[in-house]
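What follows is the content of entry30.cif (mmCIF, C-alpha atoms).
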data_final
loop_
_atom_site.label_atom_id
_atom_site.label_comp_id
_atom_site.auth_asym_id
_atom_site.auth_seq_id
_atom_site.Cartn_x
_atom_site.Cartn_y
_atom_site.Cartn_z
CA MET A 261 100.92 42.55 156.39
CA ALA A 262 97.86 41.33 154.51
CA GLU A 263 98.87 43.57 151.63
CA SER A 264 102.23 41.85 151.35
CA ARG A 265 100.46 38.58 150.61
CA ARG A 266 98.61 40.07 147.67
CA ASP A 267 99.83 41.07 144.29
CA GLY A 268 99.14 44.45 142.68
CA ARG A 269 95.92 43.12 141.10
CA GLY A 270 94.49 41.86 144.38
CA GLY A 271 95.21 38.15 143.83
CA GLN A 272 96.22 36.22 146.96
CA ASP A 273 99.51 34.32 146.98
CA VAL A 274 98.17 30.88 147.94
CA LEU A 275 101.55 29.28 147.22
CA ARG A 276 103.27 31.18 150.04
CA ARG A 277 102.61 28.36 152.48
CA VAL A 278 102.65 25.24 150.32
CA GLY A 279 106.41 24.76 150.33
CA GLU A 280 109.20 24.82 147.79
CA ALA A 281 108.44 21.36 146.37
CA SER A 282 104.89 22.34 145.41
CA VAL A 283 106.06 25.54 143.71
CA LEU A 284 108.73 23.62 141.77
CA ILE A 285 106.13 21.05 140.67
CA LEU A 286 103.83 23.80 139.39
CA ILE A 287 106.73 25.42 137.52
CA SER A 288 107.60 22.06 135.98
CA LEU A 289 103.98 21.44 134.93
CA ALA A 290 103.64 24.94 133.46
CA ASP A 291 104.92 23.79 130.05
CA GLY A 292 102.84 20.61 129.87
CA PRO A 293 101.62 17.49 131.74
CA LYS A 294 104.18 15.18 133.39
CA HIS A 295 104.19 12.07 135.58
CA GLY A 296 106.20 11.54 138.76
CA TYR A 297 109.50 10.39 137.28
CA ALA A 298 109.49 13.12 134.60
CA LEU A 299 108.74 15.71 137.29
CA ILE A 300 111.70 14.59 139.41
CA GLN A 301 114.03 14.68 136.41
CA ASP A 302 112.78 18.07 135.21
CA ILE A 303 113.01 19.71 138.67
CA LYS A 304 116.54 18.36 139.08
CA GLU A 305 117.44 19.97 135.75
CA LEU A 306 115.72 23.31 136.21
CA ALA A 307 116.43 23.99 139.89
CA GLY A 308 119.16 21.53 140.87
CA VAL A 309 116.82 20.12 143.54
CA GLU A 310 116.52 16.35 143.98
CA LEU A 311 112.95 15.83 145.06
CA GLY A 312 112.47 12.66 147.11
CA PRO A 313 109.59 10.47 145.90
CA GLY A 314 107.83 10.74 149.28
CA THR A 315 107.99 14.53 149.11
CA LEU A 316 106.77 14.45 145.51
CA TYR A 317 103.59 12.48 146.24
CA GLY A 318 102.81 14.59 149.33
CA ALA A 319 103.11 17.78 147.28
CA LEU A 320 101.07 16.34 144.38
CA ASP A 321 98.23 15.38 146.74
CA ARG A 322 98.29 18.82 148.38
CA LEU A 323 98.23 20.64 145.03
CA GLU A 324 95.40 18.44 143.81
CA ARG A 325 93.37 19.12 146.97
CA LEU A 326 93.88 22.86 146.36
CA GLY A 327 92.62 22.44 142.78
CA LEU A 328 95.92 23.71 141.36
CA ILE A 329 96.67 20.51 139.41
CA ASP A 330 94.55 17.75 137.86
CA PRO A 331 95.41 14.08 137.41
CA LEU A 332 95.07 12.83 133.85
CA PRO A 333 94.05 9.28 132.89
CA ALA A 334 96.80 6.77 133.80
CA GLU A 335 99.30 5.63 131.18
CA ASP A 336 100.25 2.09 132.28
CA ARG A 337 100.95 2.60 135.96
CA ARG A 338 101.97 6.26 135.62
CA HIS A 339 99.59 9.08 136.45
CA PRO A 340 100.41 12.29 134.59
CA TYR A 341 99.31 15.60 136.09
CA ARG A 342 98.53 18.91 134.45
CA ILE A 343 98.36 22.41 135.88
CA THR A 344 94.84 23.88 136.11
CA ALA A 345 93.83 27.48 135.27
CA PRO A 346 93.73 28.44 139.00
CA GLY A 347 97.11 26.72 139.37
CA ALA A 348 98.62 28.80 136.58
CA ALA A 349 97.11 31.98 138.07
CA ALA A 350 98.45 31.12 141.53
CA LEU A 351 101.90 30.41 140.09
CA ARG A 352 101.88 33.76 138.26
CA VAL A 353 100.97 35.62 141.48
CA HIS A 354 103.68 33.78 143.42
CA LEU A 355 106.37 34.43 140.82
CA ASP A 356 105.39 38.14 140.70
CA SER A 357 105.72 38.30 144.47
CA LEU A 358 109.13 36.58 144.36
CA GLU A 359 110.26 39.01 141.68
CA ARG A 360 109.29 42.02 143.82
CA VAL A 361 111.10 40.61 146.85
CA SER A 362 114.13 39.77 144.73
CA ALA A 363 114.24 43.29 143.22
CA ALA A 364 113.93 44.87 146.68
CA GLY A 365 116.73 42.66 147.97
CA ARG A 366 119.05 43.58 145.09
CA LEU A 367 118.29 47.27 145.54
CA ARG A 368 119.07 47.12 149.25
CA LEU A 369 122.33 45.30 148.60
CA GLN A 370 123.20 48.05 146.14
CA LEU A 371 122.25 50.83 148.58
CA GLY A 372 124.19 49.14 151.36
CA GLY A 373 127.26 48.99 149.12
CA ILE A 374 127.85 45.34 149.95
CA MET B 750 122.71 -3.63 148.46
CA ASP B 751 121.41 -6.28 146.04
CA ALA B 752 118.33 -5.60 143.93
CA ALA B 753 116.05 -8.02 145.79
CA ARG B 754 116.95 -6.56 149.17
CA ALA B 755 116.53 -2.99 147.88
CA SER B 756 113.16 -3.90 146.43
CA ARG B 757 112.05 -5.43 149.76
CA LEU B 758 113.16 -2.28 151.57
CA ILE B 759 111.09 -0.08 149.26
CA GLU B 760 108.06 -2.40 149.57
CA THR B 761 108.31 -2.23 153.36
CA ALA B 762 108.45 1.57 153.26
CA LEU B 763 105.44 1.70 150.93
CA ARG B 764 103.48 -0.59 153.26
CA CYS B 765 103.74 2.14 155.91
CA TYR B 766 101.38 4.39 153.94
CA PRO B 767 97.62 4.37 154.64
CA ALA B 768 95.62 1.95 152.45
CA ARG B 769 93.89 4.73 150.49
CA TRP B 770 97.30 6.17 149.53
CA ARG B 771 98.65 2.72 148.51
CA HIS B 772 95.53 2.12 146.46
CA ARG B 773 96.05 5.38 144.59
CA HIS B 774 99.84 5.71 144.27
CA GLY B 775 101.28 2.35 145.38
CA GLN B 776 102.06 0.79 141.98
CA GLU B 777 103.35 4.01 140.47
CA ALA B 778 105.48 4.69 143.57
CA ALA B 779 107.09 1.22 143.30
CA GLU B 780 107.84 1.80 139.62
CA LEU B 781 109.21 5.28 140.35
CA ALA B 782 111.52 3.80 142.99
CA ALA B 783 112.79 1.22 140.48
CA LEU B 784 113.50 3.96 137.92
CA LEU B 785 115.31 6.10 140.50
CA MET B 786 117.43 3.12 141.62
CA ARG B 787 118.29 2.42 138.00
CA ASP B 788 119.51 6.04 137.79
CA GLY B 789 121.78 5.45 140.78
CA THR B 790 119.73 6.81 143.67
CA PRO B 791 120.46 4.68 146.77
CA ALA B 792 117.56 2.46 147.84
CA GLY B 793 118.00 3.60 151.43
CA SER B 794 117.46 7.22 150.47
CA ILE B 795 114.31 6.36 148.49
CA ALA B 796 112.96 4.24 151.33
CA TRP B 797 113.67 7.03 153.82
CA SER B 798 111.81 9.53 151.63
CA TYR B 799 108.82 7.19 151.46
CA LEU B 800 108.95 6.59 155.23
CA THR B 801 108.88 10.32 156.02
CA GLY B 802 106.13 10.75 153.43
CA ALA B 803 104.13 7.98 155.10
CA ALA B 804 104.57 9.62 158.51
CA ARG B 805 103.32 12.92 157.10
CA GLU B 806 100.40 11.12 155.48
CA TRP B 807 99.34 9.58 158.81
CA LEU B 808 99.87 12.79 160.76
CA THR B 809 97.96 15.00 158.32
CA PRO B 810 94.33 13.90 158.15
CA PRO B 811 92.51 14.59 154.88
CA PRO B 812 90.50 17.85 154.93
CA GLY B 813 87.11 16.12 155.14
CA ARG B 814 88.17 14.12 158.17
CA LEU B 815 89.73 17.20 159.76
CA THR B 816 86.46 19.11 159.42
CA ALA B 817 84.49 16.21 160.89
CA LEU B 818 86.95 16.00 163.79
CA ALA B 819 86.68 19.74 164.43
CA CYS B 820 82.86 19.54 164.35
CA ALA B 821 82.85 16.57 166.75
CA LEU B 822 85.15 18.45 169.15
CA LEU B 823 82.95 21.55 168.99
CA VAL B 824 79.80 19.51 169.68
CA ALA B 825 81.52 17.72 172.57
CA ALA B 826 82.79 21.00 174.05
CA GLY B 827 79.34 22.55 173.66
CA SER B 828 77.65 19.59 175.38
CA VAL B 829 80.09 19.71 178.29
CA GLY B 830 79.59 23.47 178.62
CA ILE B 831 75.79 23.21 178.59
CA SER B 832 75.81 20.34 181.12
CA ALA B 833 78.16 22.23 183.41
CA GLY B 834 75.97 25.34 183.12
CA LEU B 835 72.81 23.39 183.98
CA LEU B 836 74.50 21.70 186.93
CA ALA B 837 75.85 25.01 188.21
CA SER B 838 72.45 26.69 188.01
CA ALA B 839 70.60 23.76 189.60
CA ALA B 840 73.01 23.16 192.50
CA PRO B 841 72.27 26.34 194.56
CA ALA B 842 68.52 25.87 194.22
CA ARG B 843 68.75 22.25 195.27
CA ALA B 844 70.98 23.13 198.21
CA ALA B 845 68.61 25.90 199.27
CA SER B 846 65.60 23.57 199.08
CA ALA B 847 67.39 20.99 201.19
CA SER B 848 68.42 23.50 203.87
CA GLN B 849 64.89 24.97 203.83
CA ALA B 850 63.41 21.56 204.43
CA ARG B 851 65.87 20.92 207.27
CA GLY B 852 65.37 24.38 208.80
CA HIS B 853 61.56 24.08 208.96
CA ALA B 854 61.40 20.53 210.17
CA HIS B 855 60.19 21.74 213.59
CA CYS B 856 57.42 23.94 212.19
CA ARG B 857 53.80 23.09 212.49
CA PRO B 858 52.50 20.95 209.71
CA GLY B 859 50.08 22.58 207.34
CA VAL B 860 51.51 26.12 207.69
CA PRO B 861 52.76 27.36 204.32
CA VAL B 862 56.44 28.10 204.40
CA PRO B 863 58.02 30.75 202.14
CA LEU B 864 60.36 29.17 199.65
CA PRO B 865 63.50 30.88 198.42
CA ARG B 866 63.30 32.33 194.97
CA VAL B 867 66.17 31.91 192.58
CA THR B 868 66.56 35.14 190.66
CA PRO B 869 69.38 36.46 188.52
CA ALA B 870 71.45 39.11 190.29
CA ALA B 871 74.03 41.48 188.86
CA GLY B 872 77.60 40.10 188.85
CA ARG B 873 76.48 36.57 189.57
CA PRO B 874 74.59 34.22 187.32
CA HIS B 875 72.06 33.29 190.00
CA ALA B 876 71.40 34.33 193.57
CA ILE B 877 68.94 33.09 196.12
CA THR B 878 66.79 35.89 197.55
CA TRP B 879 64.03 35.79 200.09
CA GLU B 880 60.71 37.41 199.54
CA ALA B 881 60.43 40.74 201.37
CA GLY B 882 58.68 40.79 204.74
CA ARG B 883 59.09 37.16 205.49
CA ASP B 884 61.44 35.83 208.06
CA ARG B 885 63.71 32.89 207.47
CA SER B 886 62.76 31.26 210.79
CA CYS B 887 59.29 30.09 211.73
#

Could you express the structure from this file as C-alpha coordinates?
Amino acid sequence: MAESRRDGRGGQDVLRRVGEASVLILISLADGPKHGYALIQDIKELAGVELGPGTLYGALDRLERLGLIDPLPAEDRRHPYRITAPGAAALRVHLDSLERVSAAGRLRLQLGGI
Amino acid sequence: MDAARASRLIETALRCYPARWRHRHGQEAAELAALLMRDGTPAGSIAWSYLTGAAREWLTPPPGRLTALACALLVAAGSVGISAGLLASAAPARAASASQARGHAHCRPGVPVPLPRVTPAAGRPHAITWEAGRDRSC
(Lines of atoms letter the chains of each structure in order from A and count residues from 1; the text may use other names and numbers.)
(Lines give C-alpha, C1' and ligand atoms only; values in the text may rest on other atoms or scores of the structure.)
Protein backbone atom coordinates (compact mmCIF):
# COMPACT_ATOMS: atom_id res chain seq x y z
CA MET A 1 0.00 0.00 0.00
CA ALA A 2 2.80 2.37 0.95
CA GLU A 3 4.53 1.45 -2.30
CA SER A 4 1.54 2.58 -4.31
CA ARG A 5 1.95 6.08 -2.93
CA ARG A 6 5.52 6.30 -4.17
CA ASP A 7 6.88 6.66 -7.62
CA GLY A 8 9.61 4.45 -9.08
CA ARG A 9 12.33 6.82 -7.79
CA GLY A 10 11.07 6.76 -4.22
CA GLY A 11 9.38 10.18 -4.24
CA GLN A 12 6.16 10.40 -2.22
CA ASP A 13 2.98 11.58 -3.94
CA VAL A 14 2.08 14.43 -1.58
CA LEU A 15 -0.65 15.64 -3.96
CA ARG A 16 -2.71 12.47 -3.50
CA ARG A 17 -4.69 14.04 -0.68
CA VAL A 18 -4.76 17.73 -1.53
CA GLY A 19 -7.71 17.57 -3.89
CA GLU A 20 -8.34 18.16 -7.57
CA ALA A 21 -8.37 21.97 -7.30
CA SER A 22 -4.84 22.06 -5.87
CA VAL A 23 -3.51 19.76 -8.60
CA LEU A 24 -5.15 21.89 -11.30
CA ILE A 25 -3.65 25.04 -9.79
CA LEU A 26 -0.17 23.50 -9.82
CA ILE A 27 -0.63 22.41 -13.44
CA SER A 28 -1.75 25.92 -14.35
CA LEU A 29 1.25 27.49 -12.57
CA ALA A 30 3.69 25.06 -14.21
CA ASP A 31 4.17 27.34 -17.22
CA GLY A 32 4.55 30.58 -15.26
CA PRO A 33 3.18 32.74 -12.41
CA LYS A 34 -0.52 33.69 -12.38
CA HIS A 35 -2.95 35.52 -10.11
CA GLY A 36 -6.40 34.32 -9.03
CA TYR A 37 -8.46 35.46 -12.01
CA ALA A 38 -5.90 34.17 -14.54
CA LEU A 39 -5.81 30.83 -12.71
CA ILE A 40 -9.60 30.46 -12.89
CA GLN A 41 -9.62 31.30 -16.59
CA ASP A 42 -6.71 28.99 -17.40
CA ILE A 43 -8.14 26.02 -15.45
CA LYS A 44 -11.49 26.49 -17.17
CA GLU A 45 -9.69 26.34 -20.52
CA LEU A 46 -7.36 23.44 -19.82
CA ALA A 47 -9.63 21.15 -17.81
CA GLY A 48 -13.16 22.49 -18.34
CA VAL A 49 -13.46 22.97 -14.57
CA GLU A 50 -14.97 26.19 -13.19
CA LEU A 51 -13.14 26.75 -9.94
CA GLY A 52 -15.17 28.77 -7.43
CA PRO A 53 -13.24 31.69 -5.90
CA GLY A 54 -13.70 30.28 -2.38
CA THR A 55 -12.24 26.95 -3.48
CA LEU A 56 -9.39 28.76 -5.23
CA TYR A 57 -8.22 30.69 -2.16
CA GLY A 58 -8.52 27.62 0.08
CA ALA A 59 -6.36 25.61 -2.32
CA LEU A 60 -3.82 28.44 -2.72
CA ASP A 61 -3.41 28.73 1.06
CA ARG A 62 -3.00 24.96 1.42
CA LEU A 63 -0.40 24.78 -1.37
CA GLU A 64 1.49 27.71 0.13
CA ARG A 65 1.51 26.07 3.58
CA LEU A 66 2.94 22.92 1.95
CA GLY A 67 5.67 25.02 0.31
CA LEU A 68 4.53 23.99 -3.17
CA ILE A 69 3.79 27.55 -4.34
CA ASP A 70 5.12 31.00 -3.42
CA PRO A 71 3.29 34.33 -3.46
CA LEU A 72 5.00 37.01 -5.51
CA PRO A 73 4.89 40.75 -4.71
CA ALA A 74 1.37 42.15 -5.30
CA GLU A 75 0.53 43.90 -8.56
CA ASP A 76 -2.17 46.43 -7.59
CA ARG A 77 -4.52 44.30 -5.54
CA ARG A 78 -3.63 41.02 -7.29
CA HIS A 79 -1.23 38.53 -5.77
CA PRO A 80 0.46 36.34 -8.37
CA TYR A 81 1.75 32.92 -7.33
CA ARG A 82 4.52 30.80 -8.75
CA ILE A 83 5.24 27.10 -8.42
CA THR A 84 8.29 26.24 -6.27
CA ALA A 85 10.91 23.56 -7.02
CA PRO A 86 9.31 21.13 -4.50
CA GLY A 87 5.94 21.96 -6.07
CA ALA A 88 7.18 21.07 -9.54
CA ALA A 89 8.73 17.84 -8.20
CA ALA A 90 5.49 16.91 -6.41
CA LEU A 91 3.47 17.62 -9.55
CA ARG A 92 5.81 15.42 -11.62
CA VAL A 93 5.44 12.54 -9.13
CA HIS A 94 1.66 12.92 -9.11
CA LEU A 95 1.36 13.03 -12.89
CA ASP A 96 3.61 9.94 -13.19
CA SER A 97 1.36 8.13 -10.74
CA LEU A 98 -1.77 9.18 -12.67
CA GLU A 99 -0.16 7.98 -15.89
CA ARG A 100 0.56 4.54 -14.41
CA VAL A 101 -3.00 4.21 -13.11
CA SER A 102 -4.40 5.39 -16.43
CA ALA A 103 -2.25 2.89 -18.38
CA ALA A 104 -3.31 0.05 -16.06
CA GLY A 105 -6.96 1.03 -16.48
CA ARG A 106 -6.71 1.08 -20.28
CA LEU A 107 -4.94 -2.29 -20.30
CA ARG A 108 -7.62 -3.86 -18.12
CA LEU A 109 -10.38 -2.48 -20.32
CA GLN A 110 -8.58 -4.01 -23.28
CA LEU A 111 -8.13 -7.37 -21.54
CA GLY A 112 -11.75 -7.36 -20.44
CA GLY A 113 -12.83 -6.75 -24.04
CA ILE A 114 -15.17 -3.94 -23.00
CA MET B 1 -29.86 41.10 -9.50
CA ASP B 2 -28.62 44.69 -9.77
CA ALA B 3 -24.92 45.47 -9.40
CA ALA B 4 -25.22 47.19 -6.01
CA ARG B 5 -27.17 44.29 -4.52
CA ALA B 6 -24.74 41.74 -5.98
CA SER B 7 -21.82 43.69 -4.59
CA ARG B 8 -23.44 43.81 -1.12
CA LEU B 9 -24.02 40.05 -1.29
CA ILE B 10 -20.35 39.40 -2.07
CA GLU B 11 -19.22 41.82 0.67
CA THR B 12 -21.42 40.00 3.19
CA ALA B 13 -19.97 36.64 2.15
CA LEU B 14 -16.41 37.99 2.44
CA ARG B 15 -17.16 39.34 5.92
CA CYS B 16 -17.74 35.74 7.03
CA TYR B 17 -14.03 34.94 6.66
CA PRO B 18 -11.66 35.25 9.64
CA ALA B 19 -9.93 38.65 9.94
CA ARG B 20 -6.48 37.30 9.04
CA TRP B 21 -7.90 35.89 5.78
CA ARG B 22 -9.68 39.19 4.95
CA HIS B 23 -6.50 41.08 5.67
CA ARG B 24 -4.57 38.90 3.24
CA HIS B 25 -7.05 38.15 0.44
CA GLY B 26 -10.04 40.44 1.06
CA GLN B 27 -9.36 43.16 -1.53
CA GLU B 28 -8.21 40.74 -4.21
CA ALA B 29 -11.21 38.48 -3.54
CA ALA B 30 -13.62 41.42 -4.01
CA GLU B 31 -11.91 42.36 -7.27
CA LEU B 32 -11.95 38.74 -8.45
CA ALA B 33 -15.69 38.56 -7.74
CA ALA B 34 -16.26 41.74 -9.78
CA LEU B 35 -14.30 40.28 -12.71
CA LEU B 36 -16.21 36.99 -12.55
CA MET B 37 -19.55 38.84 -12.46
CA ARG B 38 -18.46 40.88 -15.46
CA ASP B 39 -17.82 37.55 -17.25
CA GLY B 40 -21.37 36.44 -16.46
CA THR B 41 -20.92 34.31 -13.35
CA PRO B 42 -24.00 34.77 -11.12
CA ALA B 43 -23.34 36.74 -7.94
CA GLY B 44 -25.19 34.12 -5.91
CA SER B 45 -22.83 31.39 -7.07
CA ILE B 46 -19.76 33.50 -6.22
CA ALA B 47 -21.17 34.38 -2.81
CA TRP B 48 -21.96 30.72 -2.13
CA SER B 49 -18.40 29.73 -3.05
CA TYR B 50 -17.04 32.35 -0.66
CA LEU B 51 -19.44 31.25 2.09
CA THR B 52 -18.36 27.60 1.86
CA GLY B 53 -14.74 28.76 1.70
CA ALA B 54 -15.28 30.83 4.86
CA ALA B 55 -16.84 27.84 6.64
CA ARG B 56 -13.84 25.70 5.69
CA GLU B 57 -11.50 28.45 6.87
CA TRP B 58 -13.17 28.56 10.31
CA LEU B 59 -13.36 24.79 10.62
CA THR B 60 -9.75 24.16 9.63
CA PRO B 61 -7.41 25.78 12.15
CA PRO B 62 -4.00 26.85 10.85
CA PRO B 63 -1.27 24.24 11.46
CA GLY B 64 0.43 26.23 14.24
CA ARG B 65 -2.81 26.55 16.17
CA LEU B 66 -3.62 22.88 15.58
CA THR B 67 -0.27 21.84 17.05
CA ALA B 68 -0.78 24.10 20.06
CA LEU B 69 -4.26 22.66 20.57
CA ALA B 70 -2.94 19.10 20.35
CA CYS B 71 -0.17 19.91 22.86
CA ALA B 72 -2.65 21.53 25.27
CA LEU B 73 -4.93 18.47 25.04
CA LEU B 74 -2.00 16.12 25.66
CA VAL B 75 -0.87 18.13 28.70
CA ALA B 76 -4.43 18.22 30.06
CA ALA B 77 -4.88 14.47 29.53
CA GLY B 78 -1.52 13.80 31.16
CA SER B 79 -2.39 15.96 34.19
CA VAL B 80 -5.74 14.23 34.64
CA GLY B 81 -4.07 10.82 34.35
CA ILE B 82 -1.36 11.66 36.89
CA SER B 83 -3.90 13.13 39.34
CA ALA B 84 -6.15 10.09 39.00
CA GLY B 85 -3.16 7.79 39.53
CA LEU B 86 -2.07 9.66 42.67
CA LEU B 87 -5.60 9.63 44.06
CA ALA B 88 -6.00 5.93 43.32
CA SER B 89 -2.72 5.05 45.04
CA ALA B 90 -3.39 7.27 48.07
CA ALA B 91 -7.00 6.18 48.70
CA PRO B 92 -6.34 2.59 49.94
CA ALA B 93 -3.58 3.74 52.27
CA ARG B 94 -5.75 6.48 53.70
CA ALA B 95 -8.67 4.09 54.14
CA ALA B 96 -6.41 1.54 55.83
CA SER B 97 -5.01 4.16 58.20
CA ALA B 98 -8.51 5.28 59.12
CA SER B 99 -9.75 1.74 59.79
CA GLN B 100 -6.56 1.00 61.75
CA ALA B 101 -7.14 4.01 63.94
CA ARG B 102 -10.77 2.98 64.50
CA GLY B 103 -9.88 -0.67 65.14
CA HIS B 104 -7.28 0.12 67.83
CA ALA B 105 -9.23 2.79 69.61
CA HIS B 106 -9.74 0.43 72.59
CA CYS B 107 -6.07 -0.49 72.90
CA ARG B 108 -3.91 0.71 75.70
CA PRO B 109 -2.26 4.00 75.05
CA GLY B 110 1.47 3.95 74.58
CA VAL B 111 1.61 0.41 73.08
CA PRO B 112 3.04 0.56 69.55
CA VAL B 113 0.58 -0.72 67.02
CA PRO B 114 1.71 -2.34 63.75
CA LEU B 115 0.74 -0.24 60.79
CA PRO B 116 -0.22 -1.73 57.44
CA ARG B 117 2.40 -1.51 54.78
CA VAL B 118 1.43 -0.57 51.26
CA THR B 119 3.48 -2.68 48.90
CA PRO B 120 3.10 -3.38 45.20
CA ALA B 121 1.65 -6.83 44.49
CA ALA B 122 1.47 -8.73 41.23
CA GLY B 123 -1.69 -8.05 39.19
CA ARG B 124 -2.66 -5.04 41.25
CA PRO B 125 -0.95 -1.69 41.42
CA HIS B 126 -0.93 -1.62 45.22
CA ALA B 127 -2.01 -3.96 47.98
CA ILE B 128 -2.09 -3.57 51.71
CA THR B 129 -0.19 -6.33 53.51
CA TRP B 130 0.40 -6.90 57.17
CA GLU B 131 3.79 -7.59 58.60
CA ALA B 132 4.29 -11.29 59.33
CA GLY B 133 3.75 -12.50 62.89
CA ARG B 134 1.60 -9.65 63.98
CA ASP B 135 -2.07 -9.94 64.58
CA ARG B 136 -4.57 -7.42 63.34
CA SER B 137 -6.35 -7.25 66.71
CA CYS B 138 -4.77 -6.07 69.93

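Selecting chain B residues within 7 Å of chain A and counting only C-alpha atoms yields Gln776, Glu777, Leu781, Ile795, Ser798, Tyr799, Thr801 and Gly802 of chain B.
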
As a check of understanding, name the residues that the PyMOL selection byres ((chain A and resi 284-288) around 8) selects in the supplied structure, as a PyMOL selection string.
chain A and resi 280-283+289-292+299+302-303+307+319-320+329+343+347-348+351

With only C-alpha atoms as the counted atoms, please give the residues lying no more than 12 Å from Arg787 (chain B), apart from itself and same-chain residues fewer than 4 positions off, as a list in words.
Tyr297 of chain A; Ala752, Ala755, Ser756, Glu780, Leu781, Ala782, Ala783, Pro791, Ala792 and Ile795 of chain B

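CA of Leu332 (chain A) sits 20.9 Å away from CA of Leu784 (chain B).
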
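For the file at hand, the PyMOL selection byres ((chain A and resi 328) around 6) resolves to Leu323, Glu324, Leu326, Gly327, Ile329, Thr344, Pro346 and Gly347 of chain A.
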
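Near Pro333 (chain A), within a cut-off of 12 Å and counting all atoms listed in the file, sit the residues Pro293, Lys294, His295, His339, Pro340, Tyr341 and Arg342 of chain A, with same-chain residues fewer than 6 positions away left out.
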
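Counting from CA of Trp797 (chain B), the distance to CA of Arg757 (chain B) is 13.2 Å.
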
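Between CA of Ala349 (chain A) and CA of Arg277 (chain A) the separation is 15.8 Å.
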
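Closest to Arg764 (chain B) among B:Ser838, B:Leu808, B:Ala796, B:Ala825 is B:Ala796, based on all atoms listed in the file.
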